[in-house]
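Source file: start_4.pdb. Holds: PDB, C-alpha atoms and all ligand atoms.
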```pdb
ATOM      1  CA  MET A   1      98.693 107.900  67.927
ATOM      2  CA  ASN A   2      99.954 111.099  66.346
ATOM      3  CA  PRO A   3     101.629 113.379  68.919
ATOM      4  CA  THR A   4     101.331 116.434  66.646
ATOM      5  CA  THR A   5      97.516 116.478  66.775
ATOM      6  CA  THR A   6      95.498 118.258  69.463
ATOM      7  CA  PRO A   7      95.505 116.109  72.606
ATOM      8  CA  ALA A   8      92.204 114.458  73.453
ATOM      9  CA  ALA A   9      90.102 115.728  76.352
ATOM     10  CA  ASN A  10      88.751 112.560  77.936
ATOM     11  CA  ILE A  11      88.791 111.801  81.643
ATOM     12  CA  VAL A  12      90.556 108.490  82.234
ATOM     13  CA  LEU A  13      90.249 106.542  85.484
ATOM     14  CA  ILE A  14      93.057 104.192  86.448
ATOM     15  CA  GLY A  15      93.796 102.249  89.622
ATOM     16  CA  PHE A  16      93.867  98.854  91.236
ATOM     17  CA  MET A  17      90.974  96.382  91.118
ATOM     18  CA  GLY A  18      88.245  97.446  93.542
ATOM     19  CA  CYS A  19      89.377 101.082  93.839
ATOM     20  CA  GLY A  20      86.014 102.350  92.546
ATOM     21  CA  LYS A  21      86.745 103.225  88.914
ATOM     22  CA  SER A  22      83.412 101.934  87.581
ATOM     23  CA  THR A  23      81.331 103.653  90.283
ATOM     24  CA  VAL A  24      83.130 106.979  89.947
ATOM     25  CA  GLY A  25      82.977 106.622  86.156
ATOM     26  CA  ARG A  26      79.194 106.327  86.323
ATOM     27  CA  GLN A  27      79.012 109.411  88.561
ATOM     28  CA  LEU A  28      81.113 111.455  86.123
ATOM     29  CA  HIS A  29      78.997 110.214  83.235
ATOM     30  CA  GLN A  30      75.812 111.329  85.007
ATOM     31  CA  ARG A  31      77.208 114.706  85.974
ATOM     32  CA  LEU A  32      78.933 115.612  82.695
ATOM     33  CA  GLY A  33      76.775 113.722  80.224
ATOM     34  CA  TYR A  34      79.843 112.419  78.403
ATOM     35  CA  PRO A  35      79.580 108.818  77.194
ATOM     36  CA  LEU A  36      81.095 106.277  79.569
ATOM     37  CA  VAL A  37      83.473 103.666  78.189
ATOM     38  CA  ASP A  38      84.050 100.860  80.674
ATOM     39  CA  MET A  39      86.918  99.084  78.939
ATOM     40  CA  ASP A  40      86.363  95.732  80.676
ATOM     41  CA  GLN A  41      82.707  95.769  79.609
ATOM     42  CA  VAL A  42      83.545  96.654  76.003
ATOM     43  CA  ILE A  43      86.117  93.851  75.852
ATOM     44  CA  GLU A  44      83.628  91.352  77.280
ATOM     45  CA  GLN A  45      80.879  92.428  74.870
ATOM     46  CA  ARG A  46      83.155  92.179  71.857
ATOM     47  CA  ALA A  47      84.662  88.864  72.888
ATOM     48  CA  GLY A  48      81.251  87.468  73.760
ATOM     49  CA  LYS A  49      82.656  86.090  77.011
ATOM     50  CA  SER A  50      83.582  87.243  80.482
ATOM     51  CA  ILE A  51      87.067  88.360  81.472
ATOM     52  CA  THR A  52      87.384  85.225  83.585
ATOM     53  CA  GLU A  53      86.630  83.144  80.480
ATOM     54  CA  ILE A  54      89.088  85.146  78.353
ATOM     55  CA  PHE A  55      91.844  84.562  80.925
ATOM     56  CA  ALA A  56      90.977  80.871  81.153
ATOM     57  CA  SER A  57      90.707  80.146  77.434
ATOM     58  CA  ASP A  58      93.146  82.605  75.849
ATOM     59  CA  GLY A  59      95.447  83.676  78.695
ATOM     60  CA  GLU A  60      96.344  87.007  80.254
ATOM     61  CA  ALA A  61      98.549  88.119  77.324
ATOM     62  CA  ALA A  62      95.594  87.802  74.949
ATOM     63  CA  PHE A  63      93.475  89.935  77.299
ATOM     64  CA  ARG A  64      96.257  92.561  77.421
ATOM     65  CA  ASP A  65      96.313  92.604  73.608
ATOM     66  CA  LEU A  66      92.585  93.365  73.615
ATOM     67  CA  GLU A  67      93.179  96.211  76.092
ATOM     68  CA  THR A  68      95.946  97.701  73.937
ATOM     69  CA  ALA A  69      93.849  97.427  70.768
ATOM     70  CA  LEU A  70      90.928  99.200  72.466
ATOM     71  CA  LEU A  71      93.183 101.960  73.832
ATOM     72  CA  LYS A  72      94.494 102.585  70.315
ATOM     73  CA  GLU A  73      90.949 102.808  69.047
ATOM     74  CA  LEU A  74      90.000 105.274  71.794
ATOM     75  CA  ASN A  75      92.986 107.471  70.895
ATOM     76  CA  ASP A  76      91.006 109.486  68.396
ATOM     77  CA  PRO A  77      91.327 113.218  69.145
ATOM     78  CA  ALA A  78      88.395 113.916  66.832
ATOM     79  CA  ALA A  79      86.042 111.800  68.969
ATOM     80  CA  ALA A  80      83.653 113.395  71.461
ATOM     81  CA  ARG A  81      84.859 113.656  75.050
ATOM     82  CA  ARG A  82      84.383 110.500  77.076
ATOM     83  CA  ILE A  83      84.799 109.107  80.550
ATOM     84  CA  ILE A  84      87.074 106.080  80.227
ATOM     85  CA  SER A  85      87.216 103.535  83.024
ATOM     86  CA  THR A  86      90.164 101.156  82.584
ATOM     87  CA  GLY A  87      91.000  97.716  83.954
ATOM     88  CA  GLY A  88      93.418  97.661  86.891
ATOM     89  CA  GLY A  89      96.268  96.100  84.918
ATOM     90  CA  ILE A  90      96.182  98.486  81.971
ATOM     91  CA  VAL A  91      99.342 100.265  83.174
ATOM     92  CA  VAL A  92     101.528  97.176  83.119
ATOM     93  CA  ARG A  93     102.465  97.655  79.465
ATOM     94  CA  ALA A  94     104.659 100.659  78.628
ATOM     95  CA  GLU A  95     102.804 101.058  75.350
ATOM     96  CA  ASN A  96      99.523 101.377  77.234
ATOM     97  CA  ARG A  97     100.949 103.965  79.627
ATOM     98  CA  ALA A  98     101.888 106.177  76.686
ATOM     99  CA  LEU A  99      98.476 105.707  75.094
ATOM    100  CA  ILE A 100      96.653 106.517  78.347
ATOM    101  CA  LYS A 101      98.521 109.795  78.847
ATOM    102  CA  HIS A 102      97.539 110.870  75.371
ATOM    103  CA  LEU A 103      93.849 110.211  76.018
ATOM    104  CA  GLY A 104      93.323 113.189  78.307
ATOM    105  CA  TYR A 105      93.219 113.803  82.052
ATOM    106  CA  VAL A 106      94.313 110.692  83.912
ATOM    107  CA  VAL A 107      93.101 110.147  87.481
ATOM    108  CA  TRP A 108      94.549 107.440  89.720
ATOM    109  CA  LEU A 109      92.031 106.281  92.305
ATOM    110  CA  HIS A 110      94.065 104.902  95.166
ATOM    111  CA  ALA A 111      92.917 102.689  98.041
ATOM    112  CA  PRO A 112      94.929 100.795 100.673
ATOM    113  CA  ALA A 113      95.433  97.053 100.241
ATOM    114  CA  ALA A 114      93.111  96.233 103.154
ATOM    115  CA  VAL A 115      90.268  98.173 101.529
ATOM    116  CA  ILE A 116      90.905  96.479  98.187
ATOM    117  CA  LEU A 117      90.866  93.077  99.868
ATOM    118  CA  ALA A 118      87.562  93.789 101.608
ATOM    119  CA  ARG A 119      85.959  95.051  98.385
ATOM    120  CA  THR A 120      87.155  92.214  96.165
ATOM    121  CA  HIS A 121      86.620  89.433  98.692
ATOM    122  CA  ASN A 122      84.050  86.876  97.546
ATOM    123  CA  ASN A 123      84.095  88.213  93.999
ATOM    124  CA  ARG A 124      85.181  85.514  91.565
ATOM    125  CA  ALA A 125      85.052  87.845  88.556
ATOM    126  CA  ARG A 126      88.709  88.830  88.944
ATOM    127  CA  PRO A 127      90.883  85.936  87.802
ATOM    128  CA  LEU A 128      94.108  87.450  89.121
ATOM    129  CA  LEU A 129      92.733  87.410  92.671
ATOM    130  CA  ASP A 130      91.251  83.943  92.422
ATOM    131  CA  THR A 131      94.137  82.423  94.390
ATOM    132  CA  ALA A 132      94.660  80.715  97.745
ATOM    133  CA  ASP A 133      96.093  83.909  99.252
ATOM    134  CA  PRO A 134      94.470  86.964  97.635
ATOM    135  CA  ALA A 135      95.933  89.330 100.259
ATOM    136  CA  ALA A 136      99.480  88.367  99.282
ATOM    137  CA  ARG A 137      98.591  88.653  95.610
ATOM    138  CA  ILE A 138      97.151  92.139  96.140
ATOM    139  CA  HIS A 139     100.330  93.284  97.915
ATOM    140  CA  GLU A 140     102.523  91.795  95.214
ATOM    141  CA  LEU A 141     100.560  93.327  92.315
ATOM    142  CA  MET A 142     100.252  96.686  94.071
ATOM    143  CA  ALA A 143     103.996  96.889  94.668
ATOM    144  CA  GLU A 144     104.607  96.096  91.013
ATOM    145  CA  ARG A 145     102.000  98.512  89.659
ATOM    146  CA  GLU A 146     102.115 101.580  91.909
ATOM    147  CA  PRO A 147     105.086 103.146  90.054
ATOM    148  CA  PHE A 148     103.177 102.634  86.807
ATOM    149  CA  TYR A 149     100.025 104.303  88.133
ATOM    150  CA  GLN A 150     102.194 107.131  89.431
ATOM    151  CA  GLU A 151     103.895 107.551  86.073
ATOM    152  CA  SER A 152     100.605 107.534  84.173
ATOM    153  CA  ALA A 153      98.473 109.828  86.325
ATOM    154  CA  HIS A 154      97.960 113.581  86.325
ATOM    155  CA  LEU A 155      96.119 113.308  89.645
ATOM    156  CA  LYS A 156      96.242 110.780  92.484
ATOM    157  CA  LEU A 157      93.150 110.673  94.688
ATOM    158  CA  ASP A 158      93.055 108.747  97.935
ATOM    159  CA  THR A 159      89.567 107.284  97.964
ATOM    160  CA  SER A 160      89.578 106.418 101.686
ATOM    161  CA  GLY A 161      86.674 108.028 103.487
ATOM    162  CA  LEU A 162      85.229 109.659 100.379
ATOM    163  CA  CYS A 163      82.043 108.650  98.595
ATOM    164  CA  SER A 164      81.834 108.471  94.819
ATOM    165  CA  THR A 165      79.967 111.817  94.649
ATOM    166  CA  GLU A 166      82.789 113.566  96.521
ATOM    167  CA  LEU A 167      85.405 111.893  94.345
ATOM    168  CA  ALA A 168      83.564 112.914  91.182
ATOM    169  CA  THR A 169      83.324 116.528  92.396
ATOM    170  CA  GLY A 170      87.093 116.615  93.035
ATOM    171  CA  ILE A 171      87.817 115.139  89.614
ATOM    172  CA  LEU A 172      85.495 117.591  87.866
ATOM    173  CA  GLU A 173      87.163 120.600  89.465
ATOM    174  CA  CYS A 174      90.711 119.385  88.874
ATOM    175  CA  SER A 175      90.048 118.313  85.296
ATOM    176  CA  ARG A 176      88.492 121.671  84.462
ATOM    177  CA  TYR A 177      91.643 123.384  85.718
ATOM    178  CA  PHE A 178      93.832 120.933  83.783
ATOM    179  CA  PHE A 179      92.028 121.383  80.473
ATOM    180  CA  ASN A 180      91.824 125.180  80.837
ATOM    181  CA  ASN A 181      95.547 125.481  81.508
ATOM    182  CA  ARG A 182      96.877 122.841  79.164
ATOM    183  CA  ALA A 183      99.326 124.242  76.647
TER     184      ALA A 183
HETATM  185  C1  LIG B   1      92.651  93.311  86.057
HETATM  186  C2  LIG B   1      91.620  94.117  86.508
HETATM  187  C3  LIG B   1      90.239  93.918  86.095
HETATM  188  C4  LIG B   1      90.170  93.259  84.727
HETATM  189  C5  LIG B   1      90.991  92.002  84.718
HETATM  190  C6  LIG B   1      92.452  92.257  85.039
HETATM  191  C7  LIG B   1      94.025  93.555  86.564
HETATM  192  O1  LIG B   1      89.535  95.163  86.046
HETATM  193  O2  LIG B   1      90.611  94.144  83.734
HETATM  194  O3  LIG B   1      90.435  91.101  85.645
HETATM  195  O4  LIG B   1      94.991  93.062  85.943
HETATM  196  O5  LIG B   1      94.174  94.266  87.582
HETATM  197  P1  LIG B   1      89.070  95.973  87.365
HETATM  198  O6  LIG B   1      90.224  96.833  87.784
HETATM  199  O7  LIG B   1      87.940  96.797  86.877
HETATM  200  O8  LIG B   1      88.677  94.985  88.384
END
```
Is it possible to express this structure as structure tokens?
Ligand code: S3P
Amino acid sequence: MNPTTTPAANIVLIGFMGCGKSTVGRQLHQRLGYPLVDMDQVIEQRAGKSITEIFASDGEAAFRDLETALLKELNDPAAARRIISTGGGIVVRAENRALIKHLGYVVWLHAPAAVILARTHNNRARPLLDTADPAARIHELMAEREPFYQESAHLKLDTSGLCSTELATGILECSRYFFNNRA
């Protein structure tokens, strides 16, 4: 990352597991035509295994290394604008938070713990929630991560009661203002 170059103009979606990043990312992709980078999908494709398998065989730290490496790769101001949908734990590393901010306009999609629990229930694809008490785990991880989402985001959107089309419209308007007024 070179802070003296023109900042990149991507739209970056952050937020807890199940907050709707992938769905809203697809909406933005359809509406703007920018390529969509779903970081979890790219990591899985490159590793040739699922995130659950990466966690099981290599551990969480190895997965976080893959996230950081991909973020560094995406930090190319010369690249075309993209919609970047991140994994929920991307903000845990300070290095990642700095990289994310430099990628463009960062939107935190927020949802209450009860909504997250309902959306992630019965989904075994998230190793961190594959525990005896996922509700407690969600509360614990949310408490730990919320300050990091806050620190990383230009915009926080409460997703409660809004569909992905409405969320995408809000993001489009706010990002246009952000990019037009950025120094
Ligand atoms: C994780 C969130 C997941 C995925 C991995 C770890 C996390 O992505 O990156 O299971 O630490 O919160 P989603 O937020 O897309 O579920």
Which residues are near ligand LIG 1 (chain B) in this structure, taking near to mean any atom at most 7 Å from a ligand atom and counting all atoms listed in the file? Format them as a list in words.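 So, counting all atoms listed in the file, the residues near ligand LIG 1 (chain B) are Gly15, Phe16, Met17, Gly18, Lys21, Ser22, Asp40, Ile51, Thr52, Thr86, Gly87, Gly88, Gly89, Ile90, Ala125, Arg126, Pro127 and Leu128 of chain A.
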Would you save the residues from that selection as an mmCIF file, in the frame of the given file, using C-alpha atoms?
```
data_model
loop_
_atom_site.group_PDB
_atom_site.id
_atom_site.type_symbol
_atom_site.label_atom_id
_atom_site.label_comp_id
_atom_site.auth_asym_id
_atom_site.auth_seq_id
_atom_site.Cartn_x
_atom_site.Cartn_y
_atom_site.Cartn_z
ATOM 1 C CA GLY A 15 93.796 102.249 89.622
ATOM 2 C CA PHE A 16 93.867 98.854 91.236
ATOM 3 C CA MET A 17 90.974 96.382 91.118
ATOM 4 C CA GLY A 18 88.245 97.446 93.542
ATOM 5 C CA LYS A 21 86.745 103.225 88.914
ATOM 6 C CA SER A 22 83.412 101.934 87.581
ATOM 7 C CA ASP A 40 86.363 95.732 80.676
ATOM 8 C CA ILE A 51 87.067 88.360 81.472
ATOM 9 C CA THR A 52 87.384 85.225 83.585
ATOM 10 C CA THR A 86 90.164 101.156 82.584
ATOM 11 C CA GLY A 87 91.000 97.716 83.954
ATOM 12 C CA GLY A 88 93.418 97.661 86.891
ATOM 13 C CA GLY A 89 96.268 96.100 84.918
ATOM 14 C CA ILE A 90 96.182 98.486 81.971
ATOM 15 C CA ALA A 125 85.052 87.845 88.556
ATOM 16 C CA ARG A 126 88.709 88.830 88.944
ATOM 17 C CA PRO A 127 90.883 85.936 87.802
ATOM 18 C CA LEU A 128 94.108 87.450 89.121
#
```
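Atom CA of Val37 of chain A sits 20.0 Å away from atom CA of Gly170 of chain A.
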Tell me, in Å to one decimal, how far atom CA of Thr68 of chain A is from atom CA of Ala98 of chain A.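 Result for atom CA of Thr68 of chain A versus atom CA of Ala98 of chain A: 10.7 Å, one decimal.
Between atom CA of Ala9 of chain A and atom CA of Gly104 of chain A lies a distance of 4.5 Å.
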Could you state which residues are captured by the PyMOL selection byres (((chain A and resi 72-79) around 12) and not hetatm) in this file, as JSON, numbers by chain? {"A": [1, 2, 3, 4, 5, 6, 7, 8, 9, 10, 11, 12, 34, 35, 36, 37, 38, 39, 42, 65, 66, 67, 68, 69, 70, 71, 80, 81, 82, 83, 84, 85, 86, 95, 96, 97, 98, 99, 100, 101, 102, 103, 104]}
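Checking A:Thr169, A:Thr120, A:Thr131, A:Gln45 one by one against Leu28 of chain A, counting all atoms listed in the file, you find the shortest gap at A:Thr169.
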Spatial neighbours of segment 159-167 of chain A, max dist 7 Å, all atoms listed in the file, sep filter under 3 positions, as a ChimeraX atom specification: /A:23-24,27,109-111,170-171
Output file for the selection above: C-alpha atoms, as a PDB file, keeping the file's coordinate frame:
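Written file, selection03.pdb:
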```pdb
ATOM      1  CA  THR A  23      81.331 103.653  90.283  1.00  0.00           C
ATOM      2  CA  VAL A  24      83.130 106.979  89.947  1.00  0.00           C
ATOM      3  CA  GLN A  27      79.012 109.411  88.561  1.00  0.00           C
ATOM      4  CA  LEU A 109      92.031 106.281  92.305  1.00  0.00           C
ATOM      5  CA  HIS A 110      94.065 104.902  95.166  1.00  0.00           C
ATOM      6  CA  ALA A 111      92.917 102.689  98.041  1.00  0.00           C
ATOM      7  CA  GLY A 170      87.093 116.615  93.035  1.00  0.00           C
ATOM      8  CA  ILE A 171      87.817 115.139  89.614  1.00  0.00           C
TER       9      ILE A 171
END
```
Would you list the contacts of Leu117 of chain A as a PyMOL selection string, taking every protein, DNA or RNA residue within 9 Å and counting only C-alpha atoms, but skipping same-chain residues closer than 3 positions in sequence? chain A and resi 18+112-114+120-121+134-135+138
From the options A:Arg26, A:Leu155, A:Cys19, A:Val92, which residue's atoms come nearest to Ala143 of chain A, counting only C-alpha atoms?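 Using only C-alpha atoms, the shortest distance to Ala143 of chain A belongs to A:Val92.
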Can you work out which one of A:Gly48, A:Leu141, A:Arg93, A:Ile43 has the shortest atom-to-atom distance to Phe63 of chain A, counting all atoms listed in the file? A:Ile43
Between A:Ser152, A:Tyr105, A:Leu13, A:Arg64, which has the minimum distance to Tyr177 of chain A (counting all atoms listed in the file)?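 For Tyr177 of chain A, the nearest of the given residues is A:Tyr105.
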Can you spit out segment 67-110 of chain A with N, CA and C atoms, as a tab-separated table (two decimals), in the first residue's frame, from the structure just given?
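out.tsv was written with the following content:
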```
chain	number	residue	atom	x	y	z
A	67	GLU	N	-6.74	-13.96	4.02
A	67	GLU	CA	-7.53	-12.72	3.89
A	67	GLU	C	-6.60	-11.51	3.72
A	68	THR	N	-5.57	-11.44	4.54
A	68	THR	CA	-4.65	-10.30	4.48
A	68	THR	C	-3.95	-10.26	3.12
A	69	ALA	N	-3.50	-11.41	2.65
A	69	ALA	CA	-2.81	-11.47	1.35
A	69	ALA	C	-3.74	-10.98	0.23
A	70	LEU	N	-5.01	-11.40	0.28
A	70	LEU	CA	-5.95	-10.98	-0.76
A	70	LEU	C	-6.24	-9.48	-0.67
A	71	LEU	N	-6.37	-8.97	0.54
A	71	LEU	CA	-6.60	-7.52	0.70
A	71	LEU	C	-5.44	-6.72	0.11
A	72	LYS	N	-4.23	-7.20	0.32
A	72	LYS	CA	-3.05	-6.50	-0.22
A	72	LYS	C	-3.10	-6.50	-1.75
A	73	GLU	N	-3.52	-7.62	-2.28
A	73	GLU	CA	-3.62	-7.75	-3.73
A	73	GLU	C	-4.69	-6.80	-4.29
A	74	LEU	N	-5.80	-6.67	-3.55
A	74	LEU	CA	-6.89	-5.81	-4.02
A	74	LEU	C	-6.54	-4.34	-3.91
A	75	ASN	N	-5.54	-4.01	-3.08
A	75	ASN	CA	-5.13	-2.62	-2.89
A	75	ASN	C	-4.29	-2.14	-4.06
A	76	ASP	N	-4.92	-2.09	-5.22
A	76	ASP	CA	-4.24	-1.63	-6.42
A	76	ASP	C	-5.05	-0.47	-6.99
A	77	PRO	N	-4.63	0.77	-6.72
A	77	PRO	CA	-5.41	1.93	-7.14
A	77	PRO	C	-5.61	2.00	-8.64
A	78	ALA	N	-4.76	1.30	-9.39
A	78	ALA	CA	-4.88	1.33	-10.86
A	78	ALA	C	-5.97	0.37	-11.35
A	79	ALA	N	-6.43	-0.51	-10.47
A	79	ALA	CA	-7.44	-1.50	-10.90
A	79	ALA	C	-8.80	-0.83	-11.09
A	80	ALA	N	-9.64	-1.46	-11.92
A	80	ALA	CA	-11.00	-0.95	-12.13
A	80	ALA	C	-11.77	-1.01	-10.82
A	81	ARG	N	-12.77	-0.14	-10.71
A	81	ARG	CA	-13.60	-0.14	-9.49
A	81	ARG	C	-14.28	-1.49	-9.29
A	82	ARG	N	-14.40	-1.88	-8.03
A	82	ARG	CA	-15.02	-3.17	-7.73
A	82	ARG	C	-15.94	-3.04	-6.52
A	83	ILE	N	-16.82	-4.01	-6.41
A	83	ILE	CA	-17.59	-4.19	-5.18
A	83	ILE	C	-16.86	-5.31	-4.44
A	84	ILE	N	-16.48	-5.06	-3.19
A	84	ILE	CA	-15.71	-6.06	-2.45
A	84	ILE	C	-16.51	-6.46	-1.21
A	85	SER	N	-16.89	-7.72	-1.18
A	85	SER	CA	-17.62	-8.26	-0.04
A	85	SER	C	-16.63	-9.06	0.81
A	86	THR	N	-16.48	-8.67	2.06
A	86	THR	CA	-15.45	-9.26	2.93
A	86	THR	C	-16.04	-10.34	3.84
A	87	GLY	N	-15.19	-11.11	4.48
A	87	GLY	CA	-15.63	-12.04	5.51
A	87	GLY	C	-15.82	-11.28	6.84
A	88	GLY	N	-16.69	-11.78	7.68
A	88	GLY	CA	-17.06	-11.05	8.90
A	88	GLY	C	-15.91	-10.76	9.85
A	89	GLY	N	-14.84	-11.55	9.78
A	89	GLY	CA	-13.75	-11.37	10.74
A	89	GLY	C	-12.58	-10.58	10.19
A	90	ILE	N	-12.77	-9.99	9.02
A	90	ILE	CA	-11.66	-9.30	8.35
A	90	ILE	C	-11.11	-8.15	9.20
A	91	VAL	N	-11.97	-7.56	10.04
A	91	VAL	CA	-11.57	-6.37	10.81
A	91	VAL	C	-10.76	-6.69	12.06
A	92	VAL	N	-10.62	-7.95	12.36
A	92	VAL	CA	-9.96	-8.32	13.62
A	92	VAL	C	-8.48	-7.90	13.62
A	93	ARG	N	-7.85	-7.98	12.47
A	93	ARG	CA	-6.44	-7.59	12.38
A	93	ARG	C	-6.30	-6.09	12.07
A	94	ALA	N	-5.46	-5.41	12.84
A	94	ALA	CA	-5.24	-3.97	12.62
A	94	ALA	C	-4.73	-3.71	11.20
A	95	GLU	N	-3.88	-4.58	10.74
A	95	GLU	CA	-3.32	-4.43	9.39
A	95	GLU	C	-4.45	-4.44	8.35
A	96	ASN	N	-5.40	-5.34	8.55
A	96	ASN	CA	-6.53	-5.42	7.61
A	96	ASN	C	-7.39	-4.16	7.66
A	97	ARG	N	-7.57	-3.61	8.87
A	97	ARG	CA	-8.42	-2.42	8.99
A	97	ARG	C	-7.80	-1.26	8.19
A	98	ALA	N	-6.50	-1.14	8.24
A	98	ALA	CA	-5.83	-0.08	7.48
A	98	ALA	C	-5.97	-0.34	5.98
A	99	LEU	N	-5.83	-1.58	5.59
A	99	LEU	CA	-5.93	-1.93	4.16
A	99	LEU	C	-7.35	-1.66	3.64
A	100	ILE	N	-8.34	-2.01	4.45
A	100	ILE	CA	-9.75	-1.84	4.04
A	100	ILE	C	-10.05	-0.37	3.79
A	101	LYS	N	-9.64	0.48	4.71
A	101	LYS	CA	-9.91	1.92	4.58
A	101	LYS	C	-9.33	2.48	3.29
A	102	HIS	N	-8.22	1.92	2.88
A	102	HIS	CA	-7.54	2.43	1.70
A	102	HIS	C	-8.17	1.92	0.39
A	103	LEU	N	-9.08	0.96	0.54
A	103	LEU	CA	-9.68	0.35	-0.66
A	103	LEU	C	-10.79	1.20	-1.26
A	104	GLY	N	-11.36	2.11	-0.48
A	104	GLY	CA	-12.45	2.92	-1.02
A	104	GLY	C	-13.48	3.26	0.03
A	105	TYR	N	-14.75	3.16	-0.37
A	105	TYR	CA	-15.86	3.53	0.53
A	105	TYR	C	-16.29	2.27	1.29
A	106	VAL	N	-16.20	2.36	2.61
A	106	VAL	CA	-16.41	1.17	3.43
A	106	VAL	C	-17.77	1.26	4.14
A	107	VAL	N	-18.62	0.28	3.88
A	107	VAL	CA	-19.97	0.26	4.44
A	107	VAL	C	-20.11	-0.89	5.42
A	108	TRP	N	-20.53	-0.56	6.62
A	108	TRP	CA	-20.76	-1.58	7.66
A	108	TRP	C	-22.25	-1.91	7.67
A	109	LEU	N	-22.57	-3.13	7.29
A	109	LEU	CA	-23.96	-3.59	7.37
A	109	LEU	C	-24.16	-4.19	8.76
A	110	HIS	N	-25.06	-3.56	9.50
A	110	HIS	CA	-25.26	-3.97	10.89
A	110	HIS	C	-26.61	-4.65	11.07
```
